[in-house]
>>> print(open('upload.pdb').read())   # PDB, C-alpha atoms and all ligand atoms
MODEL        1
ATOM      1  CA  MET H 283      64.288  96.953  98.924
ATOM      2  CA  SER H 284      67.780  98.478  99.281
ATOM      3  CA  THR H 285      69.064 101.259  97.039
ATOM      4  CA  VAL H 286      72.563 101.893  95.702
ATOM      5  CA  LEU H 287      73.749 105.343  94.596
ATOM      6  CA  ILE H 288      76.456 105.336  91.920
ATOM      7  CA  ILE H 289      78.306 108.664  91.706
ATOM      8  CA  GLY H 290      80.102 108.900  88.349
ATOM      9  CA  ALA H 291      77.681 106.495  86.719
ATOM     10  CA  THR H 292      78.533 107.309  83.086
ATOM     11  CA  SER H 293      81.799 105.402  83.551
ATOM     12  CA  ASP H 294      82.101 101.829  82.332
ATOM     13  CA  ILE H 295      82.919 100.721  85.885
ATOM     14  CA  GLY H 296      79.929 102.645  87.280
ATOM     15  CA  PHE H 297      77.508 101.094  84.799
ATOM     16  CA  ALA H 298      78.876  97.576  85.362
ATOM     17  CA  THR H 299      78.544  98.077  89.132
ATOM     18  CA  ALA H 300      74.971  99.355  88.793
ATOM     19  CA  LYS H 301      74.022  96.284  86.738
ATOM     20  CA  LYS H 302      75.546  93.899  89.286
ATOM     21  CA  PHE H 303      73.597  95.467  92.166
ATOM     22  CA  ALA H 304      70.384  95.598  90.083
ATOM     23  CA  ALA H 305      70.784  91.914  89.220
ATOM     24  CA  ASN H 306      70.796  91.298  92.986
ATOM     25  CA  GLY H 307      67.568  93.198  93.608
ATOM     26  CA  PHE H 308      68.846  96.690  94.501
ATOM     27  CA  ASN H 309      67.072  99.797  93.240
ATOM     28  CA  ILE H 310      69.516 102.080  91.446
ATOM     29  CA  GLN H 311      70.305 105.810  91.528
ATOM     30  CA  LEU H 312      72.674 106.924  88.757
ATOM     31  CA  ALA H 313      74.395 110.293  89.337
ATOM     32  CA  GLY H 314      76.611 112.123  86.880
ATOM     33  CA  ARG H 315      77.207 115.255  84.842
ATOM     34  CA  GLU H 316      75.232 114.114  81.782
ATOM     35  CA  THR H 317      71.748 112.895  82.619
ATOM     36  CA  SER H 318      71.030 112.519  78.873
ATOM     37  CA  ILE H 319      73.629 109.718  78.858
ATOM     38  CA  LEU H 320      72.335 108.237  82.121
ATOM     39  CA  GLU H 321      68.672 108.058  81.092
ATOM     40  CA  PRO H 322      68.937 105.272  78.474
ATOM     41  CA  MET H 323      71.286 103.374  80.834
ATOM     42  CA  CYS H 324      68.676 103.675  83.576
ATOM     43  CA  SER H 325      65.811 102.476  81.350
ATOM     44  CA  ASP H 326      67.918  99.494  80.318
ATOM     45  CA  ILE H 327      68.596  98.588  83.971
ATOM     46  CA  ALA H 328      64.956  99.068  85.052
ATOM     47  CA  ILE H 329      63.603  96.850  82.262
ATOM     48  CA  ARG H 330      66.311  94.211  82.375
ATOM     49  CA  TYR H 331      66.300  93.715  86.152
ATOM     50  CA  ASN H 332      62.788  94.858  87.113
ATOM     51  CA  VAL H 333      64.027  97.424  89.663
ATOM     52  CA  ILE H 334      63.471 101.171  90.135
ATOM     53  CA  CYS H 335      66.188 103.294  88.512
ATOM     54  CA  THR H 336      66.443 107.106  88.714
ATOM     55  CA  THR H 337      68.981 109.604  87.324
ATOM     56  CA  HIS H 338      70.453 112.602  89.173
ATOM     57  CA  LYS H 339      72.556 115.492  87.872
ATOM     58  CA  PHE H 340      75.791 115.830  89.828
ATOM     59  CA  ASP H 341      79.196 117.434  89.285
ATOM     60  CA  VAL H 342      81.773 116.550  91.954
ATOM     61  CA  THR H 343      83.685 119.825  91.404
ATOM     62  CA  LEU H 344      80.616 122.006  92.126
ATOM     63  CA  PHE H 345      81.122 121.893  95.886
ATOM     64  CA  ASP H 346      78.258 124.275  96.730
ATOM     65  CA  THR H 347      75.712 121.863  95.213
ATOM     66  CA  HIS H 348      76.695 118.771  97.219
ATOM     67  CA  GLU H 349      74.482 119.291 100.270
ATOM     68  CA  GLN H 350      71.415 120.041  98.140
ATOM     69  CA  PHE H 351      72.151 117.045  95.868
ATOM     70  CA  PHE H 352      72.065 114.565  98.755
ATOM     71  CA  HIS H 353      69.089 116.159 100.492
ATOM     72  CA  SER H 354      67.111 116.124  97.222
ATOM     73  CA  LEU H 355      67.274 112.323  96.984
ATOM     74  CA  ALA H 356      63.736 111.210  97.879
ATOM     75  CA  THR H 357      65.026 107.773  98.871
ATOM     76  CA  LYS H 358      68.323 107.698 100.702
ATOM     77  CA  PRO H 359      70.660 104.973  99.405
ATOM     78  CA  THR H 360      71.938 102.300 101.782
ATOM     79  CA  VAL H 361      75.072 101.849  99.649
ATOM     80  CA  THR H 362      76.996 104.701  97.979
ATOM     81  CA  VAL H 363      79.682 103.936  95.387
ATOM     82  CA  CYS H 364      81.933 106.865  94.394
ATOM     83  CA  VAL H 365      83.389 106.014  90.979
ATOM     84  CA  VAL H 366      84.340 109.548  89.889
ATOM     85  CA  GLY H 367      87.861 109.932  88.537
ATOM     86  CA  TYR H 368      89.818 112.142  86.166
ATOM     87  CA  MET H 369      93.202 111.248  84.658
ATOM     88  CA  LYS H 370      95.026 113.169  81.933
ATOM     89  CA  ASP H 371      98.622 113.154  80.682
ATOM     90  CA  ASN H 372     100.832 114.223  83.613
ATOM     91  CA  GLU H 373     103.105 116.489  81.526
ATOM     92  CA  MET H 374     100.089 118.383  80.236
ATOM     93  CA  VAL H 375      98.580 118.580  83.724
ATOM     94  CA  ILE H 376     101.673 120.023  85.440
ATOM     95  CA  LYS H 377     101.860 122.824  82.842
ATOM     96  CA  SER H 378      98.276 123.870  83.501
ATOM     97  CA  GLN H 379      97.115 125.105  86.905
ATOM     98  CA  ALA H 380      93.491 124.563  85.812
ATOM     99  CA  GLU H 381      94.189 120.911  84.900
ATOM    100  CA  THR H 382      96.129 120.374  88.130
ATOM    101  CA  LEU H 383      93.204 121.685  90.176
ATOM    102  CA  THR H 384      90.662 119.689  88.157
ATOM    103  CA  THR H 385      92.684 116.531  88.811
ATOM    104  CA  ILE H 386      92.873 117.238  92.547
ATOM    105  CA  ASN H 387      89.225 118.314  92.836
ATOM    106  CA  SER H 388      87.861 115.390  90.792
ATOM    107  CA  ASN H 389      89.881 112.654  92.496
ATOM    108  CA  TYR H 390      90.231 114.000  96.040
ATOM    109  CA  ALA H 391      88.538 117.227  97.180
ATOM    110  CA  GLY H 392      85.205 116.596  95.413
ATOM    111  CA  PRO H 393      84.768 112.965  96.526
ATOM    112  CA  VAL H 394      85.741 113.963 100.096
ATOM    113  CA  SER H 395      83.182 116.792 100.088
ATOM    114  CA  ILE H 396      80.237 114.618  99.002
ATOM    115  CA  LEU H 397      81.253 111.590 101.083
ATOM    116  CA  ASN H 398      81.530 113.768 104.213
ATOM    117  CA  ILE H 399      77.852 114.641 103.754
ATOM    118  CA  ILE H 400      76.717 111.085 103.019
ATOM    119  CA  SER H 401      78.812 109.496 105.754
ATOM    120  CA  ALA H 402      77.432 111.933 108.370
ATOM    121  CA  TYR H 403      73.930 110.801 107.365
ATOM    122  CA  TYR H 404      74.939 107.122 107.575
ATOM    123  CA  ALA H 405      76.505 107.680 111.000
ATOM    124  CA  SER H 406      73.241 109.262 112.211
ATOM    125  CA  GLN H 407      71.359 106.166 110.970
ATOM    126  CA  GLN H 408      73.959 103.720 112.375
ATOM    127  CA  ASN H 409      73.743 102.035 108.964
ATOM    128  CA  GLY H 410      75.165 102.306 105.451
ATOM    129  CA  THR H 411      78.070 101.370 103.222
ATOM    130  CA  ILE H 412      80.443 103.643 101.334
ATOM    131  CA  VAL H 413      82.611 102.355  98.497
ATOM    132  CA  GLY H 414      85.385 104.574  97.114
ATOM    133  CA  ILE H 415      87.261 103.741  93.939
ATOM    134  CA  SER H 416      90.840 104.823  94.435
ATOM    135  CA  SER H 417      93.929 103.532  92.620
ATOM    136  CA  VAL H 418      97.182 101.641  93.043
ATOM    137  CA  ALA H 419      98.696 104.809  91.499
ATOM    138  CA  GLY H 420      98.273 106.326  94.980
ATOM    139  CA  LEU H 421     100.561 103.783  96.636
ATOM    140  CA  ARG H 422     103.770 105.274  95.215
ATOM    141  CA  GLY H 423     104.322 108.455  93.190
ATOM    142  CA  ARG H 424     105.790 107.995  89.699
ATOM    143  CA  GLN H 425     106.991 110.711  87.303
ATOM    144  CA  SER H 426     104.418 109.702  84.662
ATOM    145  CA  ASN H 427     101.371 110.053  86.903
ATOM    146  CA  TYR H 428     102.073 111.856  90.187
ATOM    147  CA  ILE H 429      99.328 114.517  90.157
ATOM    148  CA  TYR H 430      96.573 111.912  89.680
ATOM    149  CA  GLY H 431      98.487 109.462  91.912
ATOM    150  CA  SER H 432      98.869 111.925  94.779
ATOM    151  CA  ALA H 433      95.161 112.848  94.636
ATOM    152  CA  LYS H 434      94.281 109.123  94.790
ATOM    153  CA  ALA H 435      96.786 108.678  97.659
ATOM    154  CA  GLY H 436      94.866 111.354  99.570
ATOM    155  CA  PHE H 437      91.570 109.637  98.745
ATOM    156  CA  THR H 438      92.878 106.246  99.927
ATOM    157  CA  ALA H 439      94.006 107.798 103.230
ATOM    158  CA  TYR H 440      90.622 109.545 103.570
ATOM    159  CA  LEU H 441      88.732 106.254 103.099
ATOM    160  CA  SER H 442      90.975 104.533 105.641
ATOM    161  CA  GLY H 443      90.334 107.272 108.208
ATOM    162  CA  LEU H 444      86.608 107.257 107.476
ATOM    163  CA  ARG H 445      86.441 103.465 107.979
ATOM    164  CA  ASN H 446      88.196 103.865 111.332
ATOM    165  CA  LYS H 447      85.938 106.777 112.422
ATOM    166  CA  LEU H 448      82.679 105.065 111.409
ATOM    167  CA  PHE H 449      83.408 101.581 112.720
ATOM    168  CA  GLU H 450      81.575 102.233 115.973
ATOM    169  CA  SER H 451      78.635 103.749 114.060
ATOM    170  CA  LYS H 452      78.242 100.455 112.154
ATOM    171  CA  VAL H 453      78.983 102.138 108.825
ATOM    172  CA  HIS H 454      81.224 100.138 106.529
ATOM    173  CA  VAL H 455      83.774 101.662 104.124
ATOM    174  CA  VAL H 456      85.341  99.763 101.219
ATOM    175  CA  THR H 457      88.456 100.956  99.370
ATOM    176  CA  VAL H 458      88.798  99.641  95.814
ATOM    177  CA  LEU H 459      92.246  99.543  94.183
ATOM    178  CA  PRO H 460      91.371  98.213  90.728
ATOM    179  CA  GLY H 461      94.763  97.950  88.955
ATOM    180  CA  PHE H 462      94.431  98.334  85.159
ATOM    181  CA  VAL H 463      90.864  98.255  83.821
ATOM    182  CA  ASN H 464      89.769  98.323  80.210
ATOM    183  CA  THR H 465      87.621 101.541  80.123
ATOM    184  CA  LYS H 466      87.275 104.923  78.356
ATOM    185  CA  MET H 467      89.913 106.335  80.742
ATOM    186  CA  THR H 468      92.572 103.888  79.551
ATOM    187  CA  ALA H 469      91.433 103.536  75.915
ATOM    188  CA  ASP H 470      94.564 105.342  74.630
ATOM    189  CA  LEU H 471      96.986 103.327  76.783
ATOM    190  CA  ASN H 472      98.624 100.101  75.709
ATOM    191  CA  LEU H 473      97.700  98.015  78.768
ATOM    192  CA  PRO H 474      99.187  94.529  79.299
ATOM    193  CA  LYS H 475      96.284  92.155  78.639
ATOM    194  CA  LEU H 476      97.095  89.714  81.420
ATOM    195  CA  LEU H 477      97.155  92.443  84.079
ATOM    196  CA  THR H 478      93.991  94.182  82.892
ATOM    197  CA  ALA H 479      90.512  93.643  84.345
ATOM    198  CA  GLN H 480      87.157  94.296  82.653
ATOM    199  CA  PRO H 481      84.588  96.732  84.151
ATOM    200  CA  GLU H 482      82.353  93.716  84.979
ATOM    201  CA  ASP H 483      85.190  92.238  87.092
ATOM    202  CA  VAL H 484      85.245  95.475  89.105
ATOM    203  CA  GLY H 485      81.436  95.494  89.484
ATOM    204  CA  ASN H 486      81.472  91.882  90.738
ATOM    205  CA  ALA H 487      84.373  92.579  93.117
ATOM    206  CA  ILE H 488      82.594  95.640  94.568
ATOM    207  CA  PHE H 489      79.344  93.730  95.114
ATOM    208  CA  ASN H 490      81.169  90.868  96.866
ATOM    209  CA  ALA H 491      83.201  93.297  99.001
ATOM    210  CA  VAL H 492      79.998  95.038 100.173
ATOM    211  CA  LYS H 493      78.330  91.701 100.938
ATOM    212  CA  LYS H 494      81.342  90.275 102.785
ATOM    213  CA  LYS H 495      82.285  93.589 104.476
ATOM    214  CA  LYS H 496      85.811  93.661 103.033
ATOM    215  CA  ASN H 497      87.952  96.702 103.790
ATOM    216  CA  THR H 498      90.414  97.101 100.903
ATOM    217  CA  ILE H 499      90.188  95.096  97.694
ATOM    218  CA  TYR H 500      92.401  94.627  94.666
ATOM    219  CA  VAL H 501      90.232  93.429  91.758
ATOM    220  CA  LYS H 502      92.879  91.017  90.434
ATOM    221  CA  TRP H 503      94.670  89.280  93.306
ATOM    222  CA  PHE H 504      98.170  89.672  91.856
ATOM    223  CA  TRP H 505      98.055  93.526  92.095
ATOM    224  CA  ARG H 506      98.510  93.249  95.864
ATOM    225  CA  TRP H 507     101.851  91.494  95.278
ATOM    226  CA  ILE H 508     102.914  93.737  92.383
ATOM    227  CA  MET H 509     102.358  96.789  94.581
ATOM    228  CA  LEU H 510     104.120  95.177  97.541
ATOM    229  CA  ILE H 511     107.218  94.839  95.328
ATOM    230  CA  ILE H 512     106.866  98.386  93.945
ATOM    231  CA  VAL H 513     106.580 100.013  97.374
ATOM    232  CA  SER H 514     109.524  97.941  98.639
ATOM    233  CA  VAL H 515     112.031  99.269  96.087
ATOM    234  CA  PRO H 516     114.435 101.567  97.976
ATOM    235  CA  GLU H 517     113.967 105.250  97.129
ATOM    236  CA  PHE H 518     117.603 105.717  96.007
ATOM    237  CA  ILE H 519     116.928 103.157  93.231
ATOM    238  CA  PHE H 520     113.287 104.129  92.538
ATOM    239  CA  LYS H 521     114.087 107.806  91.921
ATOM    240  CA  LYS H 522     116.403 106.894  88.994
ATOM    241  CA  LYS H 523     113.783 104.794  87.177
ATOM    242  CA  LYS H 524     111.726 106.091  84.253
ATOM    243  CA  LEU H 525     108.324 105.067  85.586
TER     244      LEU H 525
HETATM  245  N1  LIG Q 601      90.530 102.341  84.180
HETATM  246  C1  LIG Q 601      91.536 102.058  85.010
HETATM  247  O1  LIG Q 601      92.532 101.399  84.651
HETATM  248  C2  LIG Q 601      91.457 102.511  86.446
HETATM  249  C3  LIG Q 601      92.455 102.085  87.325
HETATM  250  C4  LIG Q 601      92.412 102.483  88.648
HETATM  251  C5  LIG Q 601      91.394 103.291  89.082
HETATM  252  N2  LIG Q 601      90.438 103.705  88.217
HETATM  253  C6  LIG Q 601      89.381 104.561  88.733
HETATM  254  O2  LIG Q 601      88.133 103.979  88.439
HETATM  255  C7  LIG Q 601      87.129 104.989  88.397
HETATM  256  C8  LIG Q 601      86.309 104.850  87.126
HETATM  257  O3  LIG Q 601      87.125 105.124  86.021
HETATM  258  P1  LIG Q 601      86.938 104.504  84.576
HETATM  259  O4  LIG Q 601      88.166 103.774  84.260
HETATM  260  O5  LIG Q 601      85.618 103.819  84.488
HETATM  261  O6  LIG Q 601      87.012 105.826  83.698
HETATM  262  P2  LIG Q 601      85.939 106.836  83.103
HETATM  263  O7  LIG Q 601      85.022 106.102  82.192
HETATM  264  O8  LIG Q 601      86.720 107.979  82.568
HETATM  265  O9  LIG Q 601      85.131 107.271  84.396
HETATM  266  C9  LIG Q 601      85.346 108.421  85.107
HETATM  267  C10 LIG Q 601      83.998 108.853  85.647
HETATM  268  O10 LIG Q 601      84.192 110.006  86.455
HETATM  269  C11 LIG Q 601      83.217 110.959  86.055
HETATM  270  N3  LIG Q 601      83.630 112.317  86.338
HETATM  271  C12 LIG Q 601      84.778 112.926  85.992
HETATM  272  N4  LIG Q 601      84.752 114.202  86.418
HETATM  273  C13 LIG Q 601      83.552 114.365  87.041
HETATM  274  C14 LIG Q 601      82.930 115.463  87.682
HETATM  275  N5  LIG Q 601      83.521 116.678  87.768
HETATM  276  N6  LIG Q 601      81.713 115.277  88.246
HETATM  277  C15 LIG Q 601      81.082 114.096  88.161
HETATM  278  N7  LIG Q 601      81.606 113.018  87.535
HETATM  279  C16 LIG Q 601      82.836 113.169  86.985
HETATM  280  C17 LIG Q 601      83.075 110.751  84.567
HETATM  281  O11 LIG Q 601      81.906 111.398  84.123
HETATM  282  P3  LIG Q 601      81.760 112.048  82.644
HETATM  283  O12 LIG Q 601      81.221 110.932  81.789
HETATM  284  O13 LIG Q 601      80.790 113.157  82.854
HETATM  285  O14 LIG Q 601      83.127 112.519  82.212
HETATM  286  C18 LIG Q 601      83.006 109.241  84.537
HETATM  287  O15 LIG Q 601      81.724 108.798  84.885
HETATM  288  C19 LIG Q 601      87.883 106.319  88.508
HETATM  289  O16 LIG Q 601      87.853 106.767  89.850
HETATM  290  C20 LIG Q 601      89.300 105.941  88.127
HETATM  291  O17 LIG Q 601      90.249 106.838  88.663
HETATM  292  C21 LIG Q 601      90.435 103.329  86.897
ENDMDL
END
>>> encode(input="upload.pdb", output="structure tokens")
Amino acid sequence: MSTVLIIGATSDIGFATAKKFAANGFNIQLAGRETSILEPMCSDIAIRYNVICTTHKFDVTLFDTHEQFFHSLATKPTVTVCVVGYMKDNEMVIKSQAETLTTINSNYAGPVSILNIISAYYASQQNGTIVGISSVAGLRGRQSNYIYGSAKAGFTAYLSGLRNKLFESKVHVVTVLPGFVNTKMTADLNLPKLLTAQPEDVGNAIFNAVKKKKNTIYVKWFWRWIMLIIVSVPEFIFKKKKL
């Protein structure tokens, strides 16, 4: 039976993704900072879907622990989904060096560090799938969100390069650009209902992308076109907009 590792599993998107894979017969490894939150989630998955579920303590900003974390997994996952993300108010973030570094480390440097380790293992096995959740915020910097957005831009470029590097090793890499999703991260934002996906939509889209070996997915189809328009606006106009 195949196993999927969800890194950042306390998130609504992580839990929805774990349930979708479990419903399709995968054993589940839930990794995150708070194993006390993950344990009841894991029991629920194990009972509901009759699969093996284990929890694993992991903090993406504790770089020195990454190697040991992966080597301590008794069963190596065949699919790894990196869901970790951190987004705070941009004005607050730019005034705080600590918040700026946390944003960069949580969305870019940390995911790159752990995925370098896992992808090297997959390359050695000539097998495996990596899914990274990035963001449309990385496709063009805006004044309201450019620290988070630039970290996600780096992560999107990393995933693209990784996919290219690992193609010959038969390792597949999926980039997920979800658009707006109704989760804890966006609970304080007034998101337009029609443009907003549910965590279950993201879980379903990730499962289908892994199965069909898709490269980059937008959860709701129209985000591809919205972003095409946004990136096409000439810079001399874009820079004057309050976005
Ligand atoms: N919601 C949206 O509209 C939206 C849109 C585009 C992209 N995304 C991306 O989707 C992913 C999931 O986000 P979400 O919306 O489900 O929000 P969320 O509930 O806030 O999820 C963020 C996850 O990242 C984990 N995390 C943060 N810092 C971590 C660290 N240092 N080490 C380990 N885990 C850490 C959180 O764990 P804790 O529970 O320990 O804090 C949580 O599990 C993120 O990558 C986010 O950037 C979301």
>>> closest_residue(input="upload.pdb", among="H:Thr468, H:Thr362, H:Ser432, H:Gln311", to="ligand LIG 601 (chain Q)", atoms="all atoms listed in the file")
H:Thr468
>>> residues_around(input="upload.pdb", residues="region 503-512 of chain H", least_positions_apart="4", cutoff="8 Å", atoms="all atoms listed in the file", output="ChimeraX atom specification")
/H:418,421-422,461
>>> residues_around(input="upload.pdb", residues="Val333 (chain H)", least_positions_apart="2", cutoff="9 Å", atoms="all atoms listed in the file", output="PyMOL selection string")
chain H and resi 304-305+307-310+327-331+335
>>> closest_residue(input="upload.pdb", among="H:Lys377, H:Lys434, H:Lys475, H:Lys495", to="ligand LIG 601 (chain Q)", atoms="only C-alpha atoms and all ligand atoms")
H:Lys434
>>> closest_atom_pairs(input="upload.pdb", of="chain H", to="ligand LIG 601 (chain Q)", cutoff="8 Å", atoms="all atoms listed in the file", output="JSON lines")
{"residue": "H:Ile289", "atom": "CA", "partner": "Q:LIG601", "partner_atom": "N7", "distance": 6.9}
{"residue": "H:Gly290", "atom": "CA", "partner": "Q:LIG601", "partner_atom": "O15", "distance": 3.8}
{"residue": "H:Ala291", "atom": "CA", "partner": "Q:LIG601", "partner_atom": "O15", "distance": 5.0}
{"residue": "H:Thr292", "atom": "CA", "partner": "Q:LIG601", "partner_atom": "O15", "distance": 4.0}
{"residue": "H:Ser293", "atom": "CA", "partner": "Q:LIG601", "partner_atom": "O7", "distance": 3.6}
{"residue": "H:Asp294", "atom": "CA", "partner": "Q:LIG601", "partner_atom": "O5", "distance": 4.6}
{"residue": "H:Ile295", "atom": "CA", "partner": "Q:LIG601", "partner_atom": "O5", "distance": 4.3}
{"residue": "H:Gly296", "atom": "CA", "partner": "Q:LIG601", "partner_atom": "O5", "distance": 6.4}
{"residue": "H:Ala313", "atom": "CA", "partner": "Q:LIG601", "partner_atom": "C15", "distance": 7.8}
{"residue": "H:Gly314", "atom": "CA", "partner": "Q:LIG601", "partner_atom": "C15", "distance": 5.1}
{"residue": "H:Arg315", "atom": "CA", "partner": "Q:LIG601", "partner_atom": "O13", "distance": 4.6}
{"residue": "H:Glu316", "atom": "CA", "partner": "Q:LIG601", "partner_atom": "O13", "distance": 5.7}
{"residue": "H:Phe340", "atom": "CA", "partner": "Q:LIG601", "partner_atom": "C15", "distance": 5.8}
{"residue": "H:Asp341", "atom": "CA", "partner": "Q:LIG601", "partner_atom": "N6", "distance": 3.5}
{"residue": "H:Val342", "atom": "CA", "partner": "Q:LIG601", "partner_atom": "N6", "distance": 3.9}
{"residue": "H:Thr343", "atom": "CA", "partner": "Q:LIG601", "partner_atom": "N5", "distance": 4.8}
{"residue": "H:Leu344", "atom": "CA", "partner": "Q:LIG601", "partner_atom": "N5", "distance": 7.5}
{"residue": "H:Cys364", "atom": "CA", "partner": "Q:LIG601", "partner_atom": "O16", "distance": 7.5}
{"residue": "H:Val365", "atom": "CA", "partner": "Q:LIG601", "partner_atom": "C7", "distance": 4.7}
{"residue": "H:Val366", "atom": "CA", "partner": "Q:LIG601", "partner_atom": "O10", "distance": 3.5}
{"residue": "H:Gly367", "atom": "CA", "partner": "Q:LIG601", "partner_atom": "O16", "distance": 3.4}
{"residue": "H:Tyr368", "atom": "CA", "partner": "Q:LIG601", "partner_atom": "C12", "distance": 5.1}
{"residue": "H:Met369", "atom": "CA", "partner": "Q:LIG601", "partner_atom": "O17", "distance": 6.6}
{"residue": "H:Thr384", "atom": "CA", "partner": "Q:LIG601", "partner_atom": "N5", "distance": 7.8}
{"residue": "H:Asn387", "atom": "CA", "partner": "Q:LIG601", "partner_atom": "N5", "distance": 7.8}
{"residue": "H:Ser388", "atom": "CA", "partner": "Q:LIG601", "partner_atom": "N5", "distance": 5.4}
{"residue": "H:Asn389", "atom": "CA", "partner": "Q:LIG601", "partner_atom": "O16", "distance": 6.8}
{"residue": "H:Gly392", "atom": "CA", "partner": "Q:LIG601", "partner_atom": "N5", "distance": 7.8}
{"residue": "H:Gly414", "atom": "CA", "partner": "Q:LIG601", "partner_atom": "O16", "distance": 8.0}
{"residue": "H:Ile415", "atom": "CA", "partner": "Q:LIG601", "partner_atom": "O16", "distance": 5.1}
{"residue": "H:Ser416", "atom": "CA", "partner": "Q:LIG601", "partner_atom": "C5", "distance": 5.6}
{"residue": "H:Ser417", "atom": "CA", "partner": "Q:LIG601", "partner_atom": "C5", "distance": 4.4}
{"residue": "H:Val418", "atom": "CA", "partner": "Q:LIG601", "partner_atom": "C4", "distance": 6.5}
{"residue": "H:Ala419", "atom": "CA", "partner": "Q:LIG601", "partner_atom": "C4", "distance": 7.3}
{"residue": "H:Lys434", "atom": "CA", "partner": "Q:LIG601", "partner_atom": "O17", "distance": 7.7}
{"residue": "H:Leu459", "atom": "CA", "partner": "Q:LIG601", "partner_atom": "C4", "distance": 6.3}
{"residue": "H:Pro460", "atom": "CA", "partner": "Q:LIG601", "partner_atom": "C4", "distance": 4.9}
{"residue": "H:Gly461", "atom": "CA", "partner": "Q:LIG601", "partner_atom": "C3", "distance": 5.0}
{"residue": "H:Phe462", "atom": "CA", "partner": "Q:LIG601", "partner_atom": "O1", "distance": 3.6}
{"residue": "H:Val463", "atom": "CA", "partner": "Q:LIG601", "partner_atom": "O1", "distance": 3.7}
{"residue": "H:Asn464", "atom": "CA", "partner": "Q:LIG601", "partner_atom": "N1", "distance": 5.7}
{"residue": "H:Thr465", "atom": "CA", "partner": "Q:LIG601", "partner_atom": "O4", "distance": 4.7}
{"residue": "H:Lys466", "atom": "CA", "partner": "Q:LIG601", "partner_atom": "O7", "distance": 4.6}
{"residue": "H:Met467", "atom": "CA", "partner": "Q:LIG601", "partner_atom": "O8", "distance": 4.0}
{"residue": "H:Thr468", "atom": "CA", "partner": "Q:LIG601", "partner_atom": "N1", "distance": 5.3}
{"residue": "H:Thr478", "atom": "CA", "partner": "Q:LIG601", "partner_atom": "O1", "distance": 7.6}
{"residue": "H:Pro481", "atom": "CA", "partner": "Q:LIG601", "partner_atom": "O5", "distance": 7.2}
>>> write_last_selection(input="upload.pdb", atoms="C-alpha atoms", output="CSV table (one decimal), in the frame of the given file")
chain,number,residue,atom,x,y,z
H,289,ILE,CA,78.3,108.7,91.7
H,290,GLY,CA,80.1,108.9,88.3
H,291,ALA,CA,77.7,106.5,86.7
H,292,THR,CA,78.5,107.3,83.1
H,293,SER,CA,81.8,105.4,83.6
H,294,ASP,CA,82.1,101.8,82.3
H,295,ILE,CA,82.9,100.7,85.9
H,296,GLY,CA,79.9,102.6,87.3
H,313,ALA,CA,74.4,110.3,89.3
H,314,GLY,CA,76.6,112.1,86.9
H,315,ARG,CA,77.2,115.3,84.8
H,316,GLU,CA,75.2,114.1,81.8
H,340,PHE,CA,75.8,115.8,89.8
H,341,ASP,CA,79.2,117.4,89.3
H,342,VAL,CA,81.8,116.6,92.0
H,343,THR,CA,83.7,119.8,91.4
H,344,LEU,CA,80.6,122.0,92.1
H,364,CYS,CA,81.9,106.9,94.4
H,365,VAL,CA,83.4,106.0,91.0
H,366,VAL,CA,84.3,109.5,89.9
H,367,GLY,CA,87.9,109.9,88.5
H,368,TYR,CA,89.8,112.1,86.2
H,369,MET,CA,93.2,111.2,84.7
H,384,THR,CA,90.7,119.7,88.2
H,387,ASN,CA,89.2,118.3,92.8
H,388,SER,CA,87.9,115.4,90.8
H,389,ASN,CA,89.9,112.7,92.5
H,392,GLY,CA,85.2,116.6,95.4
H,414,GLY,CA,85.4,104.6,97.1
H,415,ILE,CA,87.3,103.7,93.9
H,416,SER,CA,90.8,104.8,94.4
H,417,SER,CA,93.9,103.5,92.6
H,418,VAL,CA,97.2,101.6,93.0
H,419,ALA,CA,98.7,104.8,91.5
H,434,LYS,CA,94.3,109.1,94.8
H,459,LEU,CA,92.2,99.5,94.2
H,460,PRO,CA,91.4,98.2,90.7
H,461,GLY,CA,94.8,98.0,89.0
H,462,PHE,CA,94.4,98.3,85.2
H,463,VAL,CA,90.9,98.3,83.8
H,464,ASN,CA,89.8,98.3,80.2
H,465,THR,CA,87.6,101.5,80.1
H,466,LYS,CA,87.3,104.9,78.4
H,467,MET,CA,89.9,106.3,80.7
H,468,THR,CA,92.6,103.9,79.6
H,478,THR,CA,94.0,94.2,82.9
H,481,PRO,CA,84.6,96.7,84.2
>>> atom_distance(input="upload.pdb", atom1="CA of Ala479 (chain H)", atom2="CA of Ala439 (chain H)")
23.9 Å
>>> atom_distance(input="upload.pdb", atom1="CA of Tyr404 (chain H)", atom2="CA of His454 (chain H)")
9.5 Å
>>> closest_residue(input="upload.pdb", among="H:Thr347, H:Asn398, H:Thr299, H:Thr337", to="Val492 (chain H)", atoms="only C-alpha atoms")
H:Thr299
>>> atom_distance(input="upload.pdb", atom1="CA of His353 (chain H)", atom2="CA of Asn332 (chain H)")
25.9 Å
>>> decode(input="upload.pdb", residues="region 505-517 of chain H", atoms="C-alpha atoms", output="PDB file, in the first residue's frame")
ATOM      1  CA  TRP H 505      -7.718  31.626 -11.779  1.00  0.00           C
ATOM      2  CA  ARG H 506      -5.468  30.777 -14.731  1.00  0.00           C
ATOM      3  CA  TRP H 507      -7.244  33.463 -16.787  1.00  0.00           C
ATOM      4  CA  ILE H 508      -7.465  35.988 -13.938  1.00  0.00           C
ATOM      5  CA  MET H 509      -3.708  35.696 -13.426  1.00  0.00           C
ATOM      6  CA  LEU H 510      -3.023  35.888 -17.162  1.00  0.00           C
ATOM      7  CA  ILE H 511      -4.787  39.278 -17.164  1.00  0.00           C
ATOM      8  CA  ILE H 512      -3.006  40.436 -13.986  1.00  0.00           C
ATOM      9  CA  VAL H 513       0.474  39.584 -15.272  1.00  0.00           C
ATOM     10  CA  SER H 514      -0.321  41.239 -18.618  1.00  0.00           C
ATOM     11  CA  VAL H 515      -1.037  44.691 -17.159  1.00  0.00           C
ATOM     12  CA  PRO H 516       1.889  46.949 -18.144  1.00  0.00           C
ATOM     13  CA  GLU H 517       4.127  47.873 -15.205  1.00  0.00           C
TER      14      GLU H 517
END
